[in-house]
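Structure, as structure tokens:
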Number of protein chains: 2
Amino acid sequence: MKNKKTNKSGSSEQRARGNKGQVRLADVAALAGVSTATVSRTFNEPQKVKKEVRERTLAAAAELNWIPNAAGKALASSRTHIAGAIIPTLDDEIYARQISGLQSGLSEHGLTLFLGCTNYDPQQGLNQATAMLTRGVEALVLAGENYPDDLFKALEMRKVPFLITYSYRKDLPFAFVGFDNHAAFSRITEHFLSLGHRKFGAIFQPLENNSRATERLRGLKETLAQAGVALSESNLRVGKASLDFGATSFKELMSGDASDRPTAIICGNDALALGALMAAKDLGLSAPEDFSISGFDDLAMSSRFSPKLTTMKVDNQRIGSLAAQILGEVAKGSVDKSRSIEIKPEFHIRESTGPVPQNS
Amino acid sequence: MKNKKTNKSGSSEQRARGNKGQVRLADVAALAGVSTATVSRTFNEPQKVKKEVRERTLAAAAELNWIPNAAGKALASSRTHIAGAIIPTLDDEIYARQISGLQSGLSEHGLTLFLGCTNYDPQQGLNQATAMLTRGVEALVLAGENYPDDLFKALEMRKVPFLITYSYRKDLPFAFVGFDNHAAFSRITEHFLSLGHRKFGAIFQPLENNSRATERLRGLKETLAQAGVALSESNLRVGKASLDFGATSFKELMSGDASDRPTAIICGNDALALGALMAAKDLGLSAPEDFSISGFDDLAMSSRFSPKLTTMKVDNQRIGSLAAQILGEVAKGSVDKSRSIEIKPEFHIRESTGPVPQNS
DNA sequence: CTGAAAGCGCTTACAG
DNA sequence: CTGAAAGCGCTTACAG
């Protein structure tokens, strides 16, 4: 009884010495009549505390509405229970889904997520990462591998485990959870070749600081080259990954001489392909009668559009969950190195691709 | 010179006492031959340090590649430079955009963002918020106001400033950055009424734990009621906010007796409306000749679909930036209370709404 | 302008 | 099973 009172007034004395009126572990200890060590154990290693004492402590904590201060905890234990993720942008559903899967996965491991966006600027990526290192992230997810060398150096110097998502590359010494963009576009290109197409056009998102897009285009070009087919520069359009750019580019590609016009159009993603299909309607052209076209991502709209779009689906939510699981294990220390996981995209051949039109 | 050496070996002695090999401010101080106070000032109040000393200190920090430890900093200064955001889901572009604007805005204020998703479960929201309070967030953004009372109590008890986004309500004592969902749907409904529609149908996302959707439906129903028009329960479909549910619901609404069939269909968002329009094509019906329909959000697709969708646009990126700006000021202490900002959605009347069909 | 030292809120050997 | 006390890496009055 007396104990309680002393504590309560004690608490306000503390306030005078700088404490902001925040309830601290020491206040709980005083109320429960135990040492600070016991309060700490009650919450972190309950089995080490006698039941009766534990309950008294929990009651005190509940009465005071105590929430532990993570900074104190982190300093004393050198664990922060924080993970970070850096992505190009949330405006692309691809990354939003990954973060969604990642966040709920990390949450199950008791990790809170710091989020940073680079807007495709490597320097911003470095800044975000530095902020996160300062705040003691235990692990980091980087979407894509377009980051300055300094970033990777900093991570290695501080021994912060990290994982690269969305990409999967064997030529780089990092842990990946993603897929092989080059192989995916190789596969798509083969599909067109096997349908007899020889005149190709391509509509792509910006390649700068985006090695995924770059790899896709390489996969496309190299596969064509192996078949002895060239993609002329004039039939390659690169611009904003929007419906509009897809539409404009399509009209340009189709405005040429009928004999030069591509019969096959490979798009860097679904938004571009859907934009192109909309422009086709305006021009009175339709797939697969007049041309064939493919996307990448399998947006919700793509399988319902008319014609249904041939595309590849990547389960981004799953990429996020897998990344969370790996990092959760690494942070817990049960695994000492992050491993790679290769995701296989699903190729959905639908209505938008077919044999070469007769009159071409 | 000697100084340097002592320091370096000193550093490894420290390691034996628990330090994880991490470079600390004290190491920088030793290398530069100054006190820890001077190192701290060099970074936090540089104008208080003589130029020469400052430069020596900066050089030492650079040489050791020192990154300050935020936990130590937070504990000593009681500032964490962390803000948090809790949203229902990232799978909805609405929230992804808000987070996008929020993150870059906060970043400019030197704040790092914790992100948590509730998946529309208030309890998860409380858990995420507790995790963030533990980690010392200086301010919190909550999307929507569907959170347990305990959450608001906890925030108020700890005097953590917070802001509710997307909604804007005058009947609740919180700071909002958003719009009036009720008024928005009232406006949409008036548009249909002014076109002469009297038979209404509605396709909505789940209302449970989603007061935005609930307000929308209320705005719709009350405006109809004022005009003496009823929305029959059988003409109201509530389900997943997907293209598919929009399509299925449309077919159901249109399957009834021709005389009972709604001429006006108000959808809770664009995905539902686009799904309905796709189903209409299958049925050989088209807007606005056979029926009128509206959405909400103005997705990229909506202005390009055929017919172009009548809908309302909310600038979610801007909601995020505004929230960041307010919280940045509040965290800095330049303002002591967060203020509300009402956003006005833009009503885009396009091709999908028109006068009541003659034969109805 | 600079430094010695206390203190922020926790955890964790260590001793009992 | 429990407690006294040192220590985690910083900042900040205070004194000079």
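Each chain in the structure tokens gets a letter, A, B and so on, in the order shown; residues start at 1 in every chain, and ligands are counted from 1 in the order they appear.
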With 9 Å as the limit and counting only C-alpha atoms (C1' of nucleotides), what residues in chain C lie close to chain A? Please list them as an mmCIF file with C-alpha atoms (C1' of nucleotides), in the first residue's frame.
data_model
loop_
_atom_site.group_PDB
_atom_site.id
_atom_site.type_symbol
_atom_site.label_atom_id
_atom_site.label_comp_id
_atom_site.auth_asym_id
_atom_site.auth_seq_id
_atom_site.Cartn_x
_atom_site.Cartn_y
_atom_site.Cartn_z
ATOM 1 C "C1'" DG C 7 21.329 10.632 -17.504
ATOM 2 C "C1'" DC C 8 17.906 8.684 -21.122
ATOM 3 C "C1'" DG C 9 15.164 3.386 -20.312
ATOM 4 C "C1'" DC C 10 16.224 -0.694 -20.850
ATOM 5 C "C1'" DT C 11 19.030 -5.728 -20.395
ATOM 6 C "C1'" DT C 12 22.232 -8.867 -18.571
#
Neighbour list for DT2 in chain D as a PyMOL selection string, cut-off 9 Å, only C-alpha atoms (C1' of nucleotides), skip fewer than 3 positions in-chain: (chain A and resi 34-35+37-38+49) or (chain C and resi 16)
Neighbour list for range 117-134 of chain A as JSON, numbers by chain, cut-off 9 Å, only C-alpha atoms (C1' of nucleotides), skip fewer than 6 positions in-chain: {"A": [83, 84, 85, 86, 87, 88, 89, 90, 140, 146, 147, 148, 150, 151, 154, 155, 158, 160, 208, 209, 210], "B": [67, 68, 69, 70, 71, 100, 103, 104, 107, 110, 111, 112]}
DSSP strand (DSSP E or B) selection over range 121-338 of chain B, as number ranges by chain: B: 139-143, 162-167, 176-179, 200-204, 236-238, 264-267, 292-294, 297, 310-313
For range 94-96 of chain A: contacts at 10 Å, only C-alpha atoms (C1' of nucleotides), fewer than 2 positions along chain excluded, given as a ChimeraX atom specification: /A:86-92,98-102,143,165-166,297,299,314-317,319-320 /B:89-93,95-97,99-100
Every residue of range 118-274 of chain B that DSSP places in helix (DSSP H, G or I), as number ranges by chain: B: 122-134, 149-157, 181-194, 211-226, 233-235, 243-255, 270-274
Atom pair CA of Leu207 in chain B / CA of Leu236 in chain B: separation (Å): 12.1 Å
Best match for closeness to chain A among B:Gly328, B:Pro262, B:Gly105, B:Pro288, counting only C-alpha atoms: B:Gly105
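Restricting the calculation to only C-alpha atoms, the smallest distance between chain B and any of A:Ala241, A:Ala62, A:Ile341, A:Leu115 is found for A:Leu115.
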CA of Gly275 in chain B to CA of Phe347 in chain B, straight-line distance in Å: 20.2 Å
